[in-house]
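K.L.:
After the structure tokens below, expect a handful of questions from me.
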Amino acid sequence: MQVKQVKQVKSVLITGTTSGLGRALLEHYVDRDVKVISVNRRRVAELEARHPSVRFECVDVRSAPDVEGLVRGLAAAGALPDVFILNAGINRLDNDATFDLTLYREVIETNLYGVLNFIAPLTRLPAANVARHVVAISSMVRYAGNPYGLGYQTSKRALTTCFEVWSGMYTGTDLVFKQVILGPVRTSIYTMDEKLPRWVLWIKSLSTASLTGTVRAISRFARTRRKKLIHPWRAFLVFSAMRLARRIVPGFLGGRRTLDGRARRLIPETNATAATARR
């Protein structure tokens with residue numbers, strides 16, 4: 001069976017549209033008269049009132065049964081979109097002075113399982129004669145990493161692995177698996193700036209992309225047969241250099257100090273030890 005390729009996006013499903021990149025993508029497609037299905041875990045009255053043409057679905061992407069119900073409902077109604085942009089994601093400071101398993105699990109369940117919960121029902125649907133593009137939003141942290149946001153780093157590396165496997169397995173079929181590997185973008189997800197050292201902020205500024213430019217790049221990429229978008233390319237160069245530096249210089253960007261500058265796991269000085277030292 002010949003699969004008809006997407007030449008012009010007429011419908012798109014986007015997760016995580018209440019703010020940041022997801023909201024900017026929603027507004028970009030609405031302005032171009034594309035049918036948009038917006039999936040969020042909570043309703044935002046202001047957003048829904050501003051965009052009455054959008055179909056808003058209140059679904060927690062962490063819930064596999066709820067996501068499967070959404071996908072199967074769309075399929076039954078003949079309303080599956082041309083493109084899925086699985087954007088929902090959060091970032092938490094889960095590995096600073098101590099490892100916070102609760103925060104780590106929250107990030108993994110949203111960033112990783114919030115995507116996988118869509119893939120499972122999509123791969124079980126009968127094959128169609130129209131290609132559907134499934135786009136995951138990954139990150140440059142897979143190259144250099146952020147030791148303080150360990151859940152974010154782990155989830156994005158796992159997403160990249162999954163989509164690299166699926167893009168090969170499903171080549172030539174009606175499912176086209178694609179990934180966007182982003183450097184820093186000026187959105188609200190990057191919440192650690194006030195805690196980062198100045199030199200880290202300087203490096204980050206070298207690779208930060210504008211929100212408008214990022215939306216345009218993803219929109220162009222979503223309708224092509226390309227499997228991977230790295231944006232911006234300068235971020236790839238900066239993060240690759242950081243990764244190389246970590247291998248050459250022990251402890252470089254390795255998180256050996258907490259974000260407030262304290263050495264990690266110092267043995268407390270007791271009164272007896274202090275007295276001995278003074279002698």
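Letters A, B, ... mark the chains of the structure tokens in the order given; residue numbers begin at 1 per chain; ligand numbers begin at 1, in order shown.
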Do a neighbour search on range 17-20 of chain A at 8 Å with only C-alpha atoms, toss out local chain neighbours closer than 4 positions, and write the hits as a list in words.
P.N.:
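Result of the neighbour search: Ala24, Leu25, Leu26, Ser38, Val39, Asn40, Val44, Leu47, Ala88, Thr187, Ser188 and Ile189 of chain A.
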K.L.:
Given the selection you just returned, output its residues as a file containing all heavy atoms, formatted as a PDB file, in the first residue's frame.
P.N.:
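New file out_1.pdb:
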```pdb
ATOM      1  N   ALA A  24       3.260  28.945  22.037  1.00  0.00           N
ATOM      2  CA  ALA A  24       3.712  29.643  20.838  1.00  0.00           C
ATOM      3  C   ALA A  24       3.428  28.818  19.586  1.00  0.00           C
ATOM      4  O   ALA A  24       3.042  29.361  18.541  1.00  0.00           O
ATOM      5  CB  ALA A  24       5.205  29.941  20.945  1.00  0.00           C
ATOM      6  N   LEU A  25       3.597  27.495  19.666  1.00  0.00           N
ATOM      7  CA  LEU A  25       3.276  26.622  18.535  1.00  0.00           C
ATOM      8  C   LEU A  25       1.782  26.653  18.233  1.00  0.00           C
ATOM      9  O   LEU A  25       1.369  26.712  17.071  1.00  0.00           O
ATOM     10  CB  LEU A  25       3.733  25.199  18.838  1.00  0.00           C
ATOM     11  CG  LEU A  25       5.229  24.921  18.709  1.00  0.00           C
ATOM     12  CD1 LEU A  25       5.591  23.595  19.377  1.00  0.00           C
ATOM     13  CD2 LEU A  25       5.661  24.907  17.247  1.00  0.00           C
ATOM     14  N   LEU A  26       0.964  26.582  19.276  1.00  0.00           N
ATOM     15  CA  LEU A  26      -0.490  26.642  19.090  1.00  0.00           C
ATOM     16  C   LEU A  26      -0.875  27.920  18.338  1.00  0.00           C
ATOM     17  O   LEU A  26      -1.625  27.871  17.352  1.00  0.00           O
ATOM     18  CB  LEU A  26      -1.183  26.586  20.448  1.00  0.00           C
ATOM     19  CG  LEU A  26      -2.712  26.672  20.478  1.00  0.00           C
ATOM     20  CD1 LEU A  26      -3.263  25.879  21.664  1.00  0.00           C
ATOM     21  CD2 LEU A  26      -3.196  28.122  20.591  1.00  0.00           C
ATOM     22  N   SER A  38      -5.378  20.765  21.259  1.00  0.00           N
ATOM     23  CA  SER A  38      -4.497  21.120  22.369  1.00  0.00           C
ATOM     24  C   SER A  38      -4.746  20.181  23.545  1.00  0.00           C
ATOM     25  O   SER A  38      -5.895  20.015  23.972  1.00  0.00           O
ATOM     26  CB  SER A  38      -4.758  22.568  22.798  1.00  0.00           C
ATOM     27  OG  SER A  38      -4.135  22.857  24.029  1.00  0.00           O
ATOM     28  N   VAL A  39      -3.691  19.572  24.059  1.00  0.00           N
ATOM     29  CA  VAL A  39      -3.816  18.608  25.157  1.00  0.00           C
ATOM     30  C   VAL A  39      -3.044  19.125  26.368  1.00  0.00           C
ATOM     31  O   VAL A  39      -1.820  19.295  26.319  1.00  0.00           O
ATOM     32  CB  VAL A  39      -3.282  17.220  24.744  1.00  0.00           C
ATOM     33  CG1 VAL A  39      -3.432  16.230  25.903  1.00  0.00           C
ATOM     34  CG2 VAL A  39      -4.019  16.707  23.511  1.00  0.00           C
ATOM     35  N   ASN A  40      -3.764  19.365  27.450  1.00  0.00           N
ATOM     36  CA  ASN A  40      -3.161  19.837  28.698  1.00  0.00           C
ATOM     37  C   ASN A  40      -3.810  19.119  29.872  1.00  0.00           C
ATOM     38  O   ASN A  40      -4.955  18.668  29.777  1.00  0.00           O
ATOM     39  CB  ASN A  40      -3.367  21.344  28.866  1.00  0.00           C
ATOM     40  CG  ASN A  40      -2.729  22.146  27.749  1.00  0.00           C
ATOM     41  OD1 ASN A  40      -1.531  22.062  27.520  1.00  0.00           O
ATOM     42  ND2 ASN A  40      -3.538  22.925  27.041  1.00  0.00           N
ATOM     43  N   VAL A  44      -7.261  26.194  30.955  1.00  0.00           N
ATOM     44  CA  VAL A  44      -6.878  27.593  31.127  1.00  0.00           C
ATOM     45  C   VAL A  44      -7.927  28.432  30.405  1.00  0.00           C
ATOM     46  O   VAL A  44      -7.957  28.491  29.166  1.00  0.00           O
ATOM     47  CB  VAL A  44      -5.468  27.872  30.566  1.00  0.00           C
ATOM     48  CG1 VAL A  44      -5.113  29.345  30.728  1.00  0.00           C
ATOM     49  CG2 VAL A  44      -4.427  26.993  31.271  1.00  0.00           C
ATOM     50  N   LEU A  47      -6.806  31.060  27.802  1.00  0.00           N
ATOM     51  CA  LEU A  47      -6.304  30.479  26.555  1.00  0.00           C
ATOM     52  C   LEU A  47      -7.451  29.982  25.680  1.00  0.00           C
ATOM     53  O   LEU A  47      -7.479  30.215  24.465  1.00  0.00           O
ATOM     54  CB  LEU A  47      -5.344  29.331  26.873  1.00  0.00           C
ATOM     55  CG  LEU A  47      -4.734  28.580  25.687  1.00  0.00           C
ATOM     56  CD1 LEU A  47      -3.844  29.511  24.868  1.00  0.00           C
ATOM     57  CD2 LEU A  47      -3.934  27.369  26.178  1.00  0.00           C
ATOM     58  N   ALA A  88       4.890  18.497  25.856  1.00  0.00           N
ATOM     59  CA  ALA A  88       4.726  18.688  27.302  1.00  0.00           C
ATOM     60  C   ALA A  88       5.993  18.284  28.048  1.00  0.00           C
ATOM     61  O   ALA A  88       6.524  17.187  27.850  1.00  0.00           O
ATOM     62  CB  ALA A  88       3.538  17.878  27.811  1.00  0.00           C
ATOM     63  N   THR A 187      12.046  30.327  27.171  1.00  0.00           N
ATOM     64  CA  THR A 187      10.719  29.973  27.667  1.00  0.00           C
ATOM     65  C   THR A 187      10.801  29.776  29.174  1.00  0.00           C
ATOM     66  O   THR A 187      11.885  29.728  29.759  1.00  0.00           O
ATOM     67  CB  THR A 187      10.194  28.678  27.026  1.00  0.00           C
ATOM     68  OG1 THR A 187      10.933  27.566  27.542  1.00  0.00           O
ATOM     69  CG2 THR A 187      10.322  28.712  25.510  1.00  0.00           C
ATOM     70  N   SER A 188       9.625  29.586  29.789  1.00  0.00           N
ATOM     71  CA  SER A 188       9.555  29.492  31.247  1.00  0.00           C
ATOM     72  C   SER A 188      10.075  28.177  31.803  1.00  0.00           C
ATOM     73  O   SER A 188      10.210  28.026  33.014  1.00  0.00           O
ATOM     74  CB  SER A 188       8.100  29.684  31.699  1.00  0.00           C
ATOM     75  OG  SER A 188       7.278  28.700  31.100  1.00  0.00           O
ATOM     76  N   ILE A 189      10.368  27.184  30.946  1.00  0.00           N
ATOM     77  CA  ILE A 189      10.829  25.903  31.483  1.00  0.00           C
ATOM     78  C   ILE A 189      12.220  26.019  32.100  1.00  0.00           C
ATOM     79  O   ILE A 189      12.598  25.259  32.971  1.00  0.00           O
ATOM     80  CB  ILE A 189      10.823  24.814  30.389  1.00  0.00           C
ATOM     81  CG1 ILE A 189      10.973  23.421  31.035  1.00  0.00           C
ATOM     82  CG2 ILE A 189      11.897  25.030  29.360  1.00  0.00           C
ATOM     83  CD1 ILE A 189      10.791  22.281  30.062  1.00  0.00           C
TER      84      ILE A 189
END
```
K.L.:
Identify, with DSSP run on backbone atoms, the residues in range 44-201 of chain A assigned to alpha helix (DSSP H), and express the list as an MDAnalysis selection string.
P.N.:
chainID A and resid 45:50 64:76 101:111 113:124 150:169 198:201
K.L.:
For each of A:Lys204, A:Arg257, A:Arg234, A:Lys156, take the minimum atom-to-atom distance to Tyr113 in chain A, counting only C-alpha atoms, then give the residue where this is smallest.
P.N.:
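That would be A:Lys156, the residue with the smallest distance to Tyr113 in chain A.
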K.L.:
Can you pull out the residues contacting Glu27 in chain A? Cut-off 12 Å, using only C-alpha atoms, and skip same-chain residues under 6 positions away; I want them as a list of chain:residue names.
P.N.:
A:Val12, A:Ile14, A:Thr17, A:Thr18, A:Ser19, A:Gly20, A:Leu21, A:Asp33, A:Val34, A:Lys35, A:Val36, A:Ile37, A:Ser38, A:Leu47, A:Glu48, A:Arg50, A:His51, A:Pro52, A:Ser53, A:Val54, A:Thr212, A:Val215, A:Arg216, A:Ser219
K.L.:
Using backbone DSSP assignments, extract all strand (DSSP E) residues from range 34-231 of chain A; output them as number ranges by chain.
P.N.:
A: 35-40, 55-58, 83-86, 132-139, 175-182, 228-231
K.L.:
Please dump the current selection as an mmCIF file, in the first residue's frame; keep N, CA and C atoms.
P.N.:
```
data_model
loop_
_atom_site.group_PDB
_atom_site.id
_atom_site.type_symbol
_atom_site.label_atom_id
_atom_site.label_comp_id
_atom_site.auth_asym_id
_atom_site.auth_seq_id
_atom_site.Cartn_x
_atom_site.Cartn_y
_atom_site.Cartn_z
ATOM 1 N N LYS A 35 -6.074 23.234 11.823
ATOM 2 C CA LYS A 35 -6.880 22.694 12.915
ATOM 3 C C LYS A 35 -5.958 22.227 14.038
ATOM 4 N N VAL A 36 -6.177 22.717 15.246
ATOM 5 C CA VAL A 36 -5.308 22.413 16.376
ATOM 6 C C VAL A 36 -6.079 21.673 17.460
ATOM 7 N N ILE A 37 -5.486 20.579 17.921
ATOM 8 C CA ILE A 37 -5.979 19.879 19.110
ATOM 9 C C ILE A 37 -4.956 20.126 20.202
ATOM 10 N N SER A 38 -5.378 20.765 21.259
ATOM 11 C CA SER A 38 -4.497 21.120 22.369
ATOM 12 C C SER A 38 -4.746 20.181 23.545
ATOM 13 N N VAL A 39 -3.691 19.572 24.059
ATOM 14 C CA VAL A 39 -3.816 18.608 25.157
ATOM 15 C C VAL A 39 -3.044 19.125 26.368
ATOM 16 N N ASN A 40 -3.764 19.365 27.450
ATOM 17 C CA ASN A 40 -3.161 19.837 28.698
ATOM 18 C C ASN A 40 -3.810 19.119 29.872
ATOM 19 N N ARG A 55 -9.532 22.833 19.480
ATOM 20 C CA ARG A 55 -10.175 21.770 20.258
ATOM 21 C C ARG A 55 -9.301 21.495 21.476
ATOM 22 N N PHE A 56 -9.796 21.850 22.650
ATOM 23 C CA PHE A 56 -9.026 21.675 23.882
ATOM 24 C C PHE A 56 -9.440 20.375 24.570
ATOM 25 N N GLU A 57 -8.446 19.537 24.848
ATOM 26 C CA GLU A 57 -8.667 18.275 25.547
ATOM 27 C C GLU A 57 -7.940 18.320 26.891
ATOM 28 N N CYS A 58 -8.691 18.121 27.954
ATOM 29 C CA CYS A 58 -8.098 18.099 29.296
ATOM 30 C C CYS A 58 -7.711 16.666 29.634
ATOM 31 N N VAL A 83 -0.038 15.745 12.233
ATOM 32 C CA VAL A 83 1.200 15.859 13.015
ATOM 33 C C VAL A 83 0.876 15.843 14.499
ATOM 34 N N PHE A 84 1.647 15.061 15.249
ATOM 35 C CA PHE A 84 1.624 15.091 16.716
ATOM 36 C C PHE A 84 2.913 15.777 17.170
ATOM 37 N N ILE A 85 2.792 16.863 17.915
ATOM 38 C CA ILE A 85 3.972 17.503 18.515
ATOM 39 C C ILE A 85 3.885 17.275 20.020
ATOM 40 N N LEU A 86 4.689 16.331 20.507
ATOM 41 C CA LEU A 86 4.631 15.913 21.907
ATOM 42 C C LEU A 86 5.629 16.754 22.696
ATOM 43 N N ARG A 132 1.493 9.962 9.201
ATOM 44 C CA ARG A 132 1.317 10.828 10.362
ATOM 45 C C ARG A 132 2.671 11.026 11.007
ATOM 46 N N HIS A 133 3.038 12.286 11.194
ATOM 47 C CA HIS A 133 4.344 12.623 11.741
ATOM 48 C C HIS A 133 4.239 12.782 13.257
ATOM 49 N N VAL A 134 5.093 12.068 13.966
ATOM 50 C CA VAL A 134 5.103 12.105 15.435
ATOM 51 C C VAL A 134 6.415 12.751 15.857
ATOM 52 N N VAL A 135 6.316 13.937 16.443
ATOM 53 C CA VAL A 135 7.490 14.754 16.747
ATOM 54 C C VAL A 135 7.689 14.827 18.258
ATOM 55 N N ALA A 136 8.862 14.416 18.721
ATOM 56 C CA ALA A 136 9.214 14.550 20.135
ATOM 57 C C ALA A 136 10.150 15.738 20.305
ATOM 58 N N ILE A 137 9.966 16.475 21.379
ATOM 59 C CA ILE A 137 10.853 17.597 21.686
ATOM 60 C C ILE A 137 11.911 17.109 22.664
ATOM 61 N N SER A 138 13.142 16.944 22.160
ATOM 62 C CA SER A 138 14.247 16.520 23.007
ATOM 63 C C SER A 138 15.134 17.724 23.323
ATOM 64 N N SER A 139 16.345 17.489 23.786
ATOM 65 C CA SER A 139 17.157 18.599 24.277
ATOM 66 C C SER A 139 18.645 18.317 24.127
ATOM 67 N N LEU A 175 3.696 5.803 9.932
ATOM 68 C CA LEU A 175 4.173 6.526 11.116
ATOM 69 C C LEU A 175 5.594 7.012 10.876
ATOM 70 N N VAL A 176 5.781 8.317 10.972
ATOM 71 C CA VAL A 176 7.094 8.935 10.762
ATOM 72 C C VAL A 176 7.546 9.525 12.097
ATOM 73 N N PHE A 177 8.539 8.898 12.716
ATOM 74 C CA PHE A 177 9.015 9.345 14.023
ATOM 75 C C PHE A 177 10.168 10.332 13.842
ATOM 76 N N LYS A 178 10.004 11.491 14.456
ATOM 77 C CA LYS A 178 10.956 12.594 14.274
ATOM 78 C C LYS A 178 11.269 13.200 15.635
ATOM 79 N N GLN A 179 12.438 13.788 15.760
ATOM 80 C CA GLN A 179 12.773 14.445 17.021
ATOM 81 C C GLN A 179 13.427 15.799 16.779
ATOM 82 N N VAL A 180 13.076 16.738 17.654
ATOM 83 C CA VAL A 180 13.669 18.068 17.661
ATOM 84 C C VAL A 180 14.599 18.139 18.867
ATOM 85 N N ILE A 181 15.881 18.377 18.610
ATOM 86 C CA ILE A 181 16.851 18.483 19.693
ATOM 87 C C ILE A 181 17.174 19.954 19.874
ATOM 88 N N LEU A 182 16.648 20.519 20.956
ATOM 89 C CA LEU A 182 16.726 21.960 21.181
ATOM 90 C C LEU A 182 17.845 22.335 22.136
ATOM 91 N N LYS A 228 15.384 14.373 12.013
ATOM 92 C CA LYS A 228 15.989 15.042 13.167
ATOM 93 C C LYS A 228 16.249 16.515 12.845
ATOM 94 N N LEU A 229 15.913 17.364 13.803
ATOM 95 C CA LEU A 229 16.202 18.797 13.718
ATOM 96 C C LEU A 229 17.030 19.187 14.932
ATOM 97 N N ILE A 230 18.198 19.762 14.715
ATOM 98 C CA ILE A 230 19.018 20.313 15.794
ATOM 99 C C ILE A 230 18.935 21.828 15.687
ATOM 100 N N HIS A 231 18.461 22.463 16.759
ATOM 101 C CA HIS A 231 18.227 23.908 16.705
ATOM 102 C C HIS A 231 18.565 24.556 18.039
#
```
K.L.:
Please identify all polymer residues within 12 Å of Asn117 in chain A, counting only C-alpha atoms, omitting same-chain residues fewer than 3 positions from it, and present them as a list in words.
P.N.:
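Once the adjacent positions are removed, what remains is Thr15, Val59, Asp60, Val61, Arg62, Ser63, Ala64, Pro65, Asp66, Val67, Glu68, Gly69, Leu70, Val71, Leu86, Glu109, Thr110, Asn111, Leu112, Tyr113, Gly114, Ala120, Pro121, Leu122, Thr123 and Arg124 of chain A.
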K.L.:
Under the rule that only C-alpha atoms are counted, which of A:Val3, A:Val9, A:Leu259, A:Ala76 is the nearest residue to Gly172 in chain A?
P.N.:
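Looking at the shortest contact to Gly172 in chain A, the residue is A:Val3.
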